[in-house]
Amino acid sequence: MLDPISPNPLVSAVKRLFSPFACFVWVLVFVMLYFGVRLVEKKFDVELLGGSGHLVEDARKAVQQNDWPAALQAIQKIPDGIRHKPEFLRVLADYLKGTRSDPALLSQVIGRLAVQGALNPEDFVWLCRDHLAEGRTQAARETLELIPAAMRSTLAFVEMELALLRQEGRQREAAEMERGMFEKFANDPGVALNKAVRDLDGTFPEIQRSARDRLWEMARRDDVHGLTAIRLLTKRTGHTRQETERLLQLADKHPRAAAPDRLEIISLIMRLVPEKREALLNEETERFSRKPAEIRPFAAWLAREKEFERMQKLLSKHASLRSEDMFILTAQGLAEQEHWTTLSEMLKKGRQLPVSSARVATWRALISKNLQPDNLQETRKHVHEAIRHGAVEKNTLAVLGAARLAEEWAMPDLALEAYLTLAEPGSRQEVELLEKCWQAAAALKDSNILEELARRLATSWPENRRFVLRYDYLRLLRGEKLELTVAKLSDADARLPAATVFLLEALKAYRMEDMFLVSYFLHSISETDDLTTGERAVYVGLMAACGEVSAAYQLAEKIHPELLLAGEKAFLERAL
């Protein structure tokens, strides 16, 4: 029997188990177990034990120092739990801006920053640029106007405003803003470079000489502006031998210059000093033979220089350039030398060729154009094949190449087909490609296709008043669906050329047979510089309809009818 006075050993053990010191030990054990599990989960990445804040800070510092690999490494380590926070989104946005690696992701990140009210002025400019690239002109304008007035004097804002004015068709305002930008930001290397390029084509010789001097000065820089200056000077004519040799020295010293930059200058020297051609070719062959990584651009350069035999010898020594690469370079070399018969033998039908069908069709089009210049149908057939095969192969470059051949060879219907193939709905290039389609359709003078293109642009980007009013213009020109046109002075964007809006109002009034309003709106047009050739034809036709025959005739004589659509030509004939 236990003595009730003596301590119970079970009770003593329990008390010791839950004493303050024991509780502390238990807590410590659990904490150690927790961090042990976390280490296993994170594959023993000890850096994560210190929290995520230092990773964001590490990424921010790396971005500021333009250390993109370190920035990416830090960003990838940041856990999902804080990737929605403004601090992380800001670092990610700055990284994407600096690397220009994923414009679509940058747009999403800036959009999330906007929702959180964490945008800075530079973000507004980037967002505006994205809107403009997608053809959302009105959205771009609204975004730009959100930038605080104090920040509107920055170069980024001025450049964006300039691009927007051009997209809106306000060319005179754009020209004035550009002149102001050249004066205000004269010390900025990018602006100075753009001004020099403009001045090179200036009217006065002293301005051209000054621009050349500025380019030579900038070519000494070791940044991207210096390389651009070197490339621009390489493309200019009129250099002396000493200048080309100086240009070669600058290219060789520039840290960003690549093999094609040097080779372009060598081409320039060979044209200036033809007696040195063979020696230079031998020297460059020896130089690039020691650089296997640069053999491919060198072989392509030899093809452009019509050094076919030298190129073949080079290719035969480098197994890495055989098969498809060798076939392409050989074919390009034959095309450069205009050895069309030999190239035709290489591409003989029935042979298994190591290149895409679209590329082969493009070469066959070139062969047909040069060997059978009178057989237009055969050439057209191959251009069409290149477009069709390129579309099936998803070969954008092949389709684009076929489109350019079609433009060069005056085949606007095929150019239209090619650009329509490329203008996929929702793609970033859709607006640009539809404008190319518009040019091809305008060359065809096909009002139906033009109206369909205008409809697609207007419905896809309804905030772009220029697209909407152009669609209205074509419908009014044909006298169709008048009740659906939206051209109203009260609704028109004040930034659009006033003459265009007044003309649409006058044309609508004419279709409604209200000649009083026609005259009123015509007299509201102070000058016609902002009108297209077709719009001026409509303008003079409406003037004649209002009884102003003499004034209409004087203007109509200066308009070339071959540039007009059928409806526009009908209006012009009223004034002649």
# chains A, B, ... in the order shown; residues from 1 in each chain; ligands from 1
call {"tool": "residues_around", "arguments": {"residues": "Leu280 of chain A", "least_positions_apart": "4", "cutoff": "10 Å", "atoms": "only C-alpha atoms", "output": "PyMOL selection string"}}
result
chain A and resi 266-267+269-270+274-276+284-286
call {"tool": "select_by_dssp", "arguments": {"residues": "segment 506-574 of chain A", "states": "alpha helix (DSSP H)", "output": "CSV table (one decimal) with N, CA and C atoms, in the first residue's frame"}}
result
chain,number,residue,atom,x,y,z
A,506,ALA,N,-20.3,66.6,-95.4
A,506,ALA,CA,-20.8,67.1,-96.7
A,506,ALA,C,-21.3,66.0,-97.6
A,507,LEU,N,-20.5,64.8,-97.6
A,507,LEU,CA,-20.8,63.7,-98.4
A,507,LEU,C,-22.1,63.1,-97.9
A,508,LYS,N,-22.3,63.0,-96.6
A,508,LYS,CA,-23.5,62.4,-96.1
A,508,LYS,C,-24.7,63.3,-96.4
A,509,ALA,N,-24.5,64.6,-96.3
A,509,ALA,CA,-25.6,65.5,-96.7
A,509,ALA,C,-26.0,65.4,-98.2
A,510,TYR,N,-24.9,65.2,-99.0
A,510,TYR,CA,-25.2,65.0,-100.4
A,510,TYR,C,-26.0,63.8,-100.7
A,511,ARG,N,-25.7,62.7,-100.0
A,511,ARG,CA,-26.5,61.5,-100.2
A,511,ARG,C,-27.9,61.7,-99.7
A,515,MET,N,-28.5,70.0,-100.2
A,515,MET,CA,-27.4,70.8,-100.8
A,515,MET,C,-27.0,72.0,-99.9
A,516,PHE,N,-27.9,72.5,-99.1
A,516,PHE,CA,-27.6,73.6,-98.2
A,516,PHE,C,-26.5,73.1,-97.2
A,517,LEU,N,-26.7,72.0,-96.6
A,517,LEU,CA,-25.7,71.5,-95.7
A,517,LEU,C,-24.4,71.1,-96.4
A,518,VAL,N,-24.5,70.6,-97.7
A,518,VAL,CA,-23.3,70.3,-98.4
A,518,VAL,C,-22.5,71.5,-98.6
A,519,SER,N,-23.1,72.6,-99.0
A,519,SER,CA,-22.3,73.9,-99.2
A,519,SER,C,-21.8,74.4,-97.8
A,520,TYR,N,-22.6,74.2,-96.8
A,520,TYR,CA,-22.1,74.7,-95.4
A,520,TYR,C,-20.8,74.0,-95.0
A,521,PHE,N,-20.8,72.6,-95.1
A,521,PHE,CA,-19.7,71.9,-94.7
A,521,PHE,C,-18.5,72.0,-95.6
A,522,LEU,N,-18.7,72.2,-96.9
A,522,LEU,CA,-17.6,72.4,-97.8
A,522,LEU,C,-16.9,73.7,-97.5
A,523,HIS,N,-17.7,74.7,-97.2
A,523,HIS,CA,-17.1,76.0,-96.8
A,523,HIS,C,-16.4,76.0,-95.5
A,533,THR,N,-5.8,61.9,-102.0
A,533,THR,CA,-6.1,62.2,-103.4
A,533,THR,C,-7.6,61.9,-103.7
A,534,GLY,N,-8.1,60.8,-103.2
A,534,GLY,CA,-9.5,60.4,-103.5
A,534,GLY,C,-10.4,61.3,-102.8
A,535,GLU,N,-10.1,61.7,-101.6
A,535,GLU,CA,-11.0,62.7,-100.8
A,535,GLU,C,-11.1,64.0,-101.5
A,536,ARG,N,-9.9,64.5,-102.1
A,536,ARG,CA,-9.9,65.7,-102.8
A,536,ARG,C,-10.8,65.6,-104.1
A,537,ALA,N,-10.8,64.4,-104.7
A,537,ALA,CA,-11.7,64.2,-105.9
A,537,ALA,C,-13.2,64.4,-105.5
A,538,VAL,N,-13.5,63.8,-104.4
A,538,VAL,CA,-14.9,64.0,-103.9
A,538,VAL,C,-15.2,65.4,-103.5
A,539,TYR,N,-14.2,66.1,-103.0
A,539,TYR,CA,-14.4,67.5,-102.6
A,539,TYR,C,-14.7,68.4,-103.8
A,540,VAL,N,-13.9,68.2,-104.9
A,540,VAL,CA,-14.2,69.0,-106.1
A,540,VAL,C,-15.5,68.7,-106.7
A,541,GLY,N,-15.8,67.4,-106.7
A,541,GLY,CA,-17.1,67.0,-107.3
A,541,GLY,C,-18.3,67.6,-106.5
A,542,LEU,N,-18.2,67.7,-105.2
A,542,LEU,CA,-19.2,68.3,-104.4
A,542,LEU,C,-19.3,69.8,-104.6
A,543,MET,N,-18.1,70.4,-104.8
A,543,MET,CA,-18.1,71.8,-105.1
A,543,MET,C,-18.8,72.1,-106.4
A,544,ALA,N,-18.5,71.3,-107.4
A,544,ALA,CA,-19.2,71.5,-108.7
A,544,ALA,C,-20.7,71.3,-108.6
A,545,ALA,N,-21.1,70.3,-107.8
A,545,ALA,CA,-22.5,70.1,-107.5
A,545,ALA,C,-23.2,71.3,-106.9
A,549,VAL,N,-18.3,75.8,-110.1
A,549,VAL,CA,-17.7,75.0,-111.2
A,549,VAL,C,-16.3,75.5,-111.5
A,550,SER,N,-16.0,76.8,-111.5
A,550,SER,CA,-14.7,77.3,-111.9
A,550,SER,C,-13.7,76.9,-110.8
A,551,ALA,N,-13.9,77.1,-109.6
A,551,ALA,CA,-13.0,76.8,-108.5
A,551,ALA,C,-12.8,75.3,-108.5
A,552,ALA,N,-13.8,74.5,-108.7
A,552,ALA,CA,-13.7,73.1,-108.7
A,552,ALA,C,-12.8,72.6,-109.8
A,553,TYR,N,-13.0,73.2,-111.0
A,553,TYR,CA,-12.2,72.8,-112.2
A,553,TYR,C,-10.7,73.0,-112.0
A,554,GLN,N,-10.4,74.2,-111.4
A,554,GLN,CA,-9.0,74.5,-111.1
A,554,GLN,C,-8.3,73.5,-110.2
A,555,LEU,N,-9.0,73.0,-109.2
A,555,LEU,CA,-8.5,72.0,-108.3
A,555,LEU,C,-8.5,70.6,-109.0
A,556,ALA,N,-9.5,70.4,-109.7
A,556,ALA,CA,-9.6,69.0,-110.3
A,556,ALA,C,-8.5,68.7,-111.3
A,566,ALA,N,-13.5,53.9,-108.4
A,566,ALA,CA,-14.5,54.3,-109.4
A,566,ALA,C,-15.4,55.4,-108.9
A,567,GLY,N,-15.8,55.3,-107.6
A,567,GLY,CA,-16.7,56.3,-107.0
A,567,GLY,C,-16.1,57.6,-106.9
A,568,GLU,N,-14.8,57.7,-106.6
A,568,GLU,CA,-14.0,58.9,-106.5
A,568,GLU,C,-13.9,59.5,-107.9
A,569,LYS,N,-13.6,58.7,-108.9
A,569,LYS,CA,-13.5,59.2,-110.3
A,569,LYS,C,-14.8,59.8,-110.8
A,570,ALA,N,-15.9,59.2,-110.4
A,570,ALA,CA,-17.2,59.8,-110.8
A,570,ALA,C,-17.4,61.2,-110.3
A,571,PHE,N,-17.0,61.4,-109.0
A,571,PHE,CA,-17.0,62.8,-108.5
A,571,PHE,C,-16.1,63.7,-109.2
A,572,LEU,N,-14.9,63.3,-109.5
A,572,LEU,CA,-13.9,64.1,-110.2
A,572,LEU,C,-14.5,64.5,-111.6
A,573,GLU,N,-15.1,63.6,-112.3
A,573,GLU,CA,-15.6,63.9,-113.6
A,573,GLU,C,-16.7,65.0,-113.6
A,574,ARG,N,-17.4,65.2,-112.4
A,574,ARG,CA,-18.3,66.3,-112.3
A,574,ARG,C,-17.7,67.7,-112.4
call {"tool": "residues_around", "arguments": {"residues": "Ala139 of chain A", "least_positions_apart": "4", "cutoff": "10 Å", "atoms": "only C-alpha atoms", "output": "PDB file with N, CA and C atoms, in the first residue's frame"}}
result
ATOM      1  N   LEU A 127       2.540  51.226 -71.441  1.00  0.00           N
ATOM      2  CA  LEU A 127       1.165  50.787 -71.670  1.00  0.00           C
ATOM      3  C   LEU A 127       0.605  51.450 -72.924  1.00  0.00           C
ATOM      4  N   CYS A 128       0.930  52.717 -73.097  1.00  0.00           N
ATOM      5  CA  CYS A 128       0.502  53.450 -74.293  1.00  0.00           C
ATOM      6  C   CYS A 128       1.120  52.824 -75.545  1.00  0.00           C
ATOM      7  N   ASP A 130       1.976  49.754 -75.942  1.00  0.00           N
ATOM      8  CA  ASP A 130       1.291  48.481 -76.186  1.00  0.00           C
ATOM      9  C   ASP A 130      -0.042  48.714 -76.879  1.00  0.00           C
ATOM     10  N   HIS A 131      -0.810  49.708 -76.402  1.00  0.00           N
ATOM     11  CA  HIS A 131      -2.082  50.045 -77.053  1.00  0.00           C
ATOM     12  C   HIS A 131      -1.849  50.407 -78.521  1.00  0.00           C
ATOM     13  N   LEU A 132      -0.808  51.198 -78.773  1.00  0.00           N
ATOM     14  CA  LEU A 132      -0.537  51.665 -80.127  1.00  0.00           C
ATOM     15  C   LEU A 132      -0.143  50.501 -81.034  1.00  0.00           C
ATOM     16  N   GLY A 135      -3.083  48.795 -82.236  1.00  0.00           N
ATOM     17  CA  GLY A 135      -4.004  49.607 -83.020  1.00  0.00           C
ATOM     18  C   GLY A 135      -5.077  50.306 -82.210  1.00  0.00           C
ATOM     19  N   THR A 143      -4.503  56.789 -72.225  1.00  0.00           N
ATOM     20  CA  THR A 143      -3.458  56.377 -71.290  1.00  0.00           C
ATOM     21  C   THR A 143      -2.382  57.447 -71.167  1.00  0.00           C
ATOM     22  N   LEU A 144      -1.989  58.017 -72.308  1.00  0.00           N
ATOM     23  CA  LEU A 144      -0.937  59.034 -72.288  1.00  0.00           C
ATOM     24  C   LEU A 144      -1.363  60.264 -71.503  1.00  0.00           C
ATOM     25  N   GLU A 145      -2.637  60.590 -71.590  1.00  0.00           N
ATOM     26  CA  GLU A 145      -3.125  61.784 -70.899  1.00  0.00           C
ATOM     27  C   GLU A 145      -3.248  61.578 -69.388  1.00  0.00           C
ATOM     28  N   TRP A 461     -11.163  47.678 -83.856  1.00  0.00           N
ATOM     29  CA  TRP A 461     -10.614  48.794 -83.068  1.00  0.00           C
ATOM     30  C   TRP A 461     -11.570  49.987 -83.131  1.00  0.00           C
ATOM     31  N   GLU A 463     -12.360  52.150 -81.084  1.00  0.00           N
ATOM     32  CA  GLU A 463     -11.924  53.384 -80.442  1.00  0.00           C
ATOM     33  C   GLU A 463     -11.010  54.205 -81.363  1.00  0.00           C
ATOM     34  N   ASN A 464     -10.552  53.606 -82.450  1.00  0.00           N
ATOM     35  CA  ASN A 464      -9.708  54.316 -83.405  1.00  0.00           C
ATOM     36  C   ASN A 464     -10.608  55.052 -84.396  1.00  0.00           C
TER      37      ASN A 464
END
call {"tool": "residues_around", "arguments": {"residues": "Ala299 of chain A", "least_positions_apart": "3", "cutoff": "9 Å", "atoms": "only C-alpha atoms", "output": "list of chain:residue names"}}
result
A:Glu294, A:Ile295, A:Arg296, A:Leu302, A:Ala303, A:Arg304, A:Arg310, A:Met311, A:Gln312, A:Leu314, A:Leu315, A:Leu329
call {"tool": "write_last_selection", "arguments": {"atoms": "N, CA, C and O atoms", "output": "PDB file, in the first residue's frame"}}
result
ATOM      1  N   GLU A 294      31.507  31.590 -86.824  1.00  0.00           N
ATOM      2  CA  GLU A 294      31.146  32.683 -87.721  1.00  0.00           C
ATOM      3  C   GLU A 294      31.239  32.295 -89.189  1.00  0.00           C
ATOM      4  O   GLU A 294      31.171  33.146 -90.077  1.00  0.00           O
ATOM      5  N   ILE A 295      31.392  30.992 -89.445  1.00  0.00           N
ATOM      6  CA  ILE A 295      31.503  30.526 -90.835  1.00  0.00           C
ATOM      7  C   ILE A 295      30.209  30.785 -91.605  1.00  0.00           C
ATOM      8  O   ILE A 295      30.224  31.193 -92.771  1.00  0.00           O
ATOM      9  N   ARG A 296      29.074  30.563 -90.943  1.00  0.00           N
ATOM     10  CA  ARG A 296      27.790  30.704 -91.635  1.00  0.00           C
ATOM     11  C   ARG A 296      27.575  32.127 -92.173  1.00  0.00           C
ATOM     12  O   ARG A 296      27.278  32.295 -93.357  1.00  0.00           O
ATOM     13  N   LEU A 302      29.883  35.699 -98.742  1.00  0.00           N
ATOM     14  CA  LEU A 302      30.517  35.301-100.000  1.00  0.00           C
ATOM     15  C   LEU A 302      29.480  35.145-101.106  1.00  0.00           C
ATOM     16  O   LEU A 302      29.725  35.504-102.266  1.00  0.00           O
ATOM     17  N   ALA A 303      28.308  34.613-100.737  1.00  0.00           N
ATOM     18  CA  ALA A 303      27.245  34.461-101.734  1.00  0.00           C
ATOM     19  C   ALA A 303      26.796  35.824-102.249  1.00  0.00           C
ATOM     20  O   ALA A 303      26.604  36.014-103.452  1.00  0.00           O
ATOM     21  N   ARG A 304      26.636  36.783-101.332  1.00  0.00           N
ATOM     22  CA  ARG A 304      26.222  38.135-101.749  1.00  0.00           C
ATOM     23  C   ARG A 304      27.287  38.804-102.620  1.00  0.00           C
ATOM     24  O   ARG A 304      26.966  39.615-103.492  1.00  0.00           O
ATOM     25  N   ARG A 310      34.513  30.167-104.225  1.00  0.00           N
ATOM     26  CA  ARG A 310      35.158  30.278-102.917  1.00  0.00           C
ATOM     27  C   ARG A 310      34.219  29.774-101.817  1.00  0.00           C
ATOM     28  O   ARG A 310      34.648  29.124-100.867  1.00  0.00           O
ATOM     29  N   MET A 311      32.933  30.108-101.962  1.00  0.00           N
ATOM     30  CA  MET A 311      31.956  29.666-100.968  1.00  0.00           C
ATOM     31  C   MET A 311      31.836  28.139-100.959  1.00  0.00           C
ATOM     32  O   MET A 311      31.782  27.516 -99.890  1.00  0.00           O
ATOM     33  N   GLN A 312      31.824  27.523-102.135  1.00  0.00           N
ATOM     34  CA  GLN A 312      31.711  26.064-102.200  1.00  0.00           C
ATOM     35  C   GLN A 312      32.918  25.376-101.557  1.00  0.00           C
ATOM     36  O   GLN A 312      32.773  24.370-100.852  1.00  0.00           O
ATOM     37  N   LEU A 314      34.731  26.569 -99.173  1.00  0.00           N
ATOM     38  CA  LEU A 314      34.597  26.768 -97.731  1.00  0.00           C
ATOM     39  C   LEU A 314      33.591  25.781 -97.145  1.00  0.00           C
ATOM     40  O   LEU A 314      33.842  25.163 -96.110  1.00  0.00           O
ATOM     41  N   LEU A 315      32.460  25.629 -97.824  1.00  0.00           N
ATOM     42  CA  LEU A 315      31.410  24.744 -97.317  1.00  0.00           C
ATOM     43  C   LEU A 315      31.857  23.292 -97.297  1.00  0.00           C
ATOM     44  O   LEU A 315      31.492  22.528 -96.398  1.00  0.00           O
ATOM     45  N   LEU A 329      22.638  27.974 -99.000  1.00  0.00           N
ATOM     46  CA  LEU A 329      23.691  28.914 -99.376  1.00  0.00           C
ATOM     47  C   LEU A 329      24.101  28.745-100.838  1.00  0.00           C
ATOM     48  O   LEU A 329      24.364  29.726-101.543  1.00  0.00           O
TER      49      LEU A 329
END
call {"tool": "closest_residue", "arguments": {"among": "A:His54, A:Lys61, A:Arg404, A:Arg364", "to": "Ala418 of chain A", "atoms": "only C-alpha atoms"}}
result
A:Arg404
call {"tool": "residues_around", "arguments": {"residues": "segment 185-187 of chain A", "least_positions_apart": "2", "cutoff": "12 Å", "atoms": "only C-alpha atoms", "output": "list in words"}}
result
Ser153, Thr154, Leu155, Ala156, Val158, Glu159, Met177, Glu178, Arg179, Gly180, Met181, Phe182, Glu183, Pro189, Gly190, Val191, Ala192, Leu193, Asn194, Lys195, Ala196, Arg214 and Met218 of chain A
call {"tool": "write_last_selection", "arguments": {"atoms": "N, CA and C atoms", "output": "CSV table (one decimal), in the first residue's frame"}}
result
chain,number,residue,atom,x,y,z
A,153,SER,N,7.4,66.3,-69.8
A,153,SER,CA,8.6,66.9,-70.5
A,153,SER,C,9.7,65.9,-70.7
A,154,THR,N,9.4,64.7,-70.3
A,154,THR,CA,10.5,63.6,-70.5
A,154,THR,C,10.5,63.2,-72.0
A,155,LEU,N,11.7,62.7,-72.4
A,155,LEU,CA,11.9,62.3,-73.7
A,155,LEU,C,11.0,61.1,-74.1
A,156,ALA,N,10.8,60.2,-73.1
A,156,ALA,CA,9.9,59.0,-73.4
A,156,ALA,C,8.5,59.5,-73.7
A,158,VAL,N,7.6,62.5,-74.9
A,158,VAL,CA,7.6,63.2,-76.2
A,158,VAL,C,7.6,62.2,-77.4
A,159,GLU,N,8.5,61.2,-77.3
A,159,GLU,CA,8.5,60.2,-78.3
A,159,GLU,C,7.2,59.4,-78.5
A,177,MET,N,6.4,68.8,-83.5
A,177,MET,CA,6.9,68.2,-82.3
A,177,MET,C,8.3,67.6,-82.5
A,178,GLU,N,8.5,67.0,-83.6
A,178,GLU,CA,9.8,66.4,-83.8
A,178,GLU,C,10.9,67.4,-83.9
A,179,ARG,N,10.6,68.6,-84.5
A,179,ARG,CA,11.6,69.7,-84.5
A,179,ARG,C,11.9,70.1,-83.1
A,180,GLY,N,10.8,70.3,-82.3
A,180,GLY,CA,11.0,70.7,-80.9
A,180,GLY,C,11.8,69.6,-80.1
A,181,MET,N,11.6,68.4,-80.4
A,181,MET,CA,12.3,67.3,-79.7
A,181,MET,C,13.8,67.4,-80.0
A,182,PHE,N,14.1,67.6,-81.3
A,182,PHE,CA,15.5,67.7,-81.7
A,182,PHE,C,16.2,68.8,-81.0
A,183,GLU,N,15.5,69.9,-80.8
A,183,GLU,CA,16.2,71.1,-80.1
A,183,GLU,C,16.3,70.8,-78.6
A,189,PRO,N,21.8,60.9,-77.1
A,189,PRO,CA,22.4,60.2,-78.2
A,189,PRO,C,21.4,59.6,-79.2
A,190,GLY,N,20.3,59.1,-78.7
A,190,GLY,CA,19.3,58.5,-79.6
A,190,GLY,C,18.6,59.6,-80.5
A,191,VAL,N,18.3,60.8,-79.9
A,191,VAL,CA,17.7,61.9,-80.6
A,191,VAL,C,18.7,62.5,-81.6
A,192,ALA,N,20.0,62.6,-81.1
A,192,ALA,CA,21.0,63.2,-82.0
A,192,ALA,C,21.2,62.3,-83.2
A,193,LEU,N,21.1,61.0,-83.0
A,193,LEU,CA,21.3,60.0,-84.1
A,193,LEU,C,20.1,60.2,-85.1
A,194,ASN,N,18.9,60.3,-84.6
A,194,ASN,CA,17.7,60.4,-85.5
A,194,ASN,C,17.8,61.7,-86.3
A,195,LYS,N,18.2,62.8,-85.6
A,195,LYS,CA,18.3,64.1,-86.3
A,195,LYS,C,19.4,64.0,-87.4
A,196,ALA,N,20.5,63.3,-87.1
A,196,ALA,CA,21.6,63.2,-88.1
A,196,ALA,C,21.1,62.5,-89.3
A,214,ARG,N,28.5,64.5,-87.3
A,214,ARG,CA,27.9,64.0,-86.1
A,214,ARG,C,27.8,62.5,-86.0
A,218,MET,N,29.6,60.1,-83.3
A,218,MET,CA,28.8,59.1,-82.5
A,218,MET,C,29.4,57.7,-82.7
call {"tool": "closest_residue", "arguments": {"among": "A:Thr237, A:Thr341, A:Gln377, A:Thr500", "to": "Ser524 of chain A", "atoms": "only C-alpha atoms"}}
result
A:Thr500
call {"tool": "residues_around", "arguments": {"residues": "Leu453 of chain A", "least_positions_apart": "4", "cutoff": "10 Å", "atoms": "only C-alpha atoms", "output": "ChimeraX atom specification"}}
result
/A:420,434-435,437-438,441,447-449,457-459,467,471
call {"tool": "decode", "arguments": {"residues": "segment 333-373 of chain A", "atoms": "C-alpha atoms", "output": "PDB file, in the first residue's frame"}}
result
ATOM      1  CA  GLY A 333      24.836  31.921-104.399  1.00  0.00           C
ATOM      2  CA  LEU A 334      23.478  30.775-107.755  1.00  0.00           C
ATOM      3  CA  ALA A 335      20.647  33.279-107.502  1.00  0.00           C
ATOM      4  CA  GLU A 336      23.087  36.076-106.644  1.00  0.00           C
ATOM      5  CA  GLN A 337      25.190  35.167-109.680  1.00  0.00           C
ATOM      6  CA  GLU A 338      22.024  34.897-111.767  1.00  0.00           C
ATOM      7  CA  HIS A 339      22.911  31.331-112.755  1.00  0.00           C
ATOM      8  CA  TRP A 340      19.248  30.568-113.209  1.00  0.00           C
ATOM      9  CA  THR A 341      19.671  27.480-115.389  1.00  0.00           C
ATOM     10  CA  THR A 342      21.977  25.804-112.854  1.00  0.00           C
ATOM     11  CA  LEU A 343      19.618  26.718-110.026  1.00  0.00           C
ATOM     12  CA  SER A 344      16.707  25.306-112.023  1.00  0.00           C
ATOM     13  CA  GLU A 345      18.578  21.980-112.322  1.00  0.00           C
ATOM     14  CA  MET A 346      19.093  21.941-108.539  1.00  0.00           C
ATOM     15  CA  LEU A 347      15.362  22.421-108.013  1.00  0.00           C
ATOM     16  CA  LYS A 348      14.190  19.963-110.652  1.00  0.00           C
ATOM     17  CA  LYS A 349      10.776  18.575-109.758  1.00  0.00           C
ATOM     18  CA  GLY A 350      10.731  15.015-108.480  1.00  0.00           C
ATOM     19  CA  ARG A 351      13.934  15.429-106.496  1.00  0.00           C
ATOM     20  CA  GLN A 352      13.926  15.151-102.699  1.00  0.00           C
ATOM     21  CA  LEU A 353      15.019  18.604-101.569  1.00  0.00           C
ATOM     22  CA  PRO A 354      16.238  19.351 -98.013  1.00  0.00           C
ATOM     23  CA  VAL A 355      14.378  22.669 -97.763  1.00  0.00           C
ATOM     24  CA  SER A 356      10.786  23.798 -97.333  1.00  0.00           C
ATOM     25  CA  SER A 357       8.373  23.759-100.272  1.00  0.00           C
ATOM     26  CA  ALA A 358       7.668  27.467 -99.766  1.00  0.00           C
ATOM     27  CA  ARG A 359      11.350  28.372-100.185  1.00  0.00           C
ATOM     28  CA  VAL A 360      11.624  26.187-103.292  1.00  0.00           C
ATOM     29  CA  ALA A 361       8.548  27.841-104.809  1.00  0.00           C
ATOM     30  CA  THR A 362      10.084  31.289-104.185  1.00  0.00           C
ATOM     31  CA  TRP A 363      13.291  30.283-105.985  1.00  0.00           C
ATOM     32  CA  ARG A 364      11.256  28.851-108.865  1.00  0.00           C
ATOM     33  CA  ALA A 365       9.392  32.142-109.116  1.00  0.00           C
ATOM     34  CA  LEU A 366      12.726  33.968-109.426  1.00  0.00           C
ATOM     35  CA  ILE A 367      13.904  31.478-112.063  1.00  0.00           C
ATOM     36  CA  SER A 368      10.703  31.878-114.083  1.00  0.00           C
ATOM     37  CA  LYS A 369      10.837  35.684-113.818  1.00  0.00           C
ATOM     38  CA  ASN A 370      14.399  35.764-115.156  1.00  0.00           C
ATOM     39  CA  LEU A 371      14.390  32.914-117.693  1.00  0.00           C
ATOM     40  CA  GLN A 372      10.842  33.473-118.987  1.00  0.00           C
ATOM     41  CA  PRO A 373      10.094  37.168-118.402  1.00  0.00           C
TER      42      PRO A 373
END
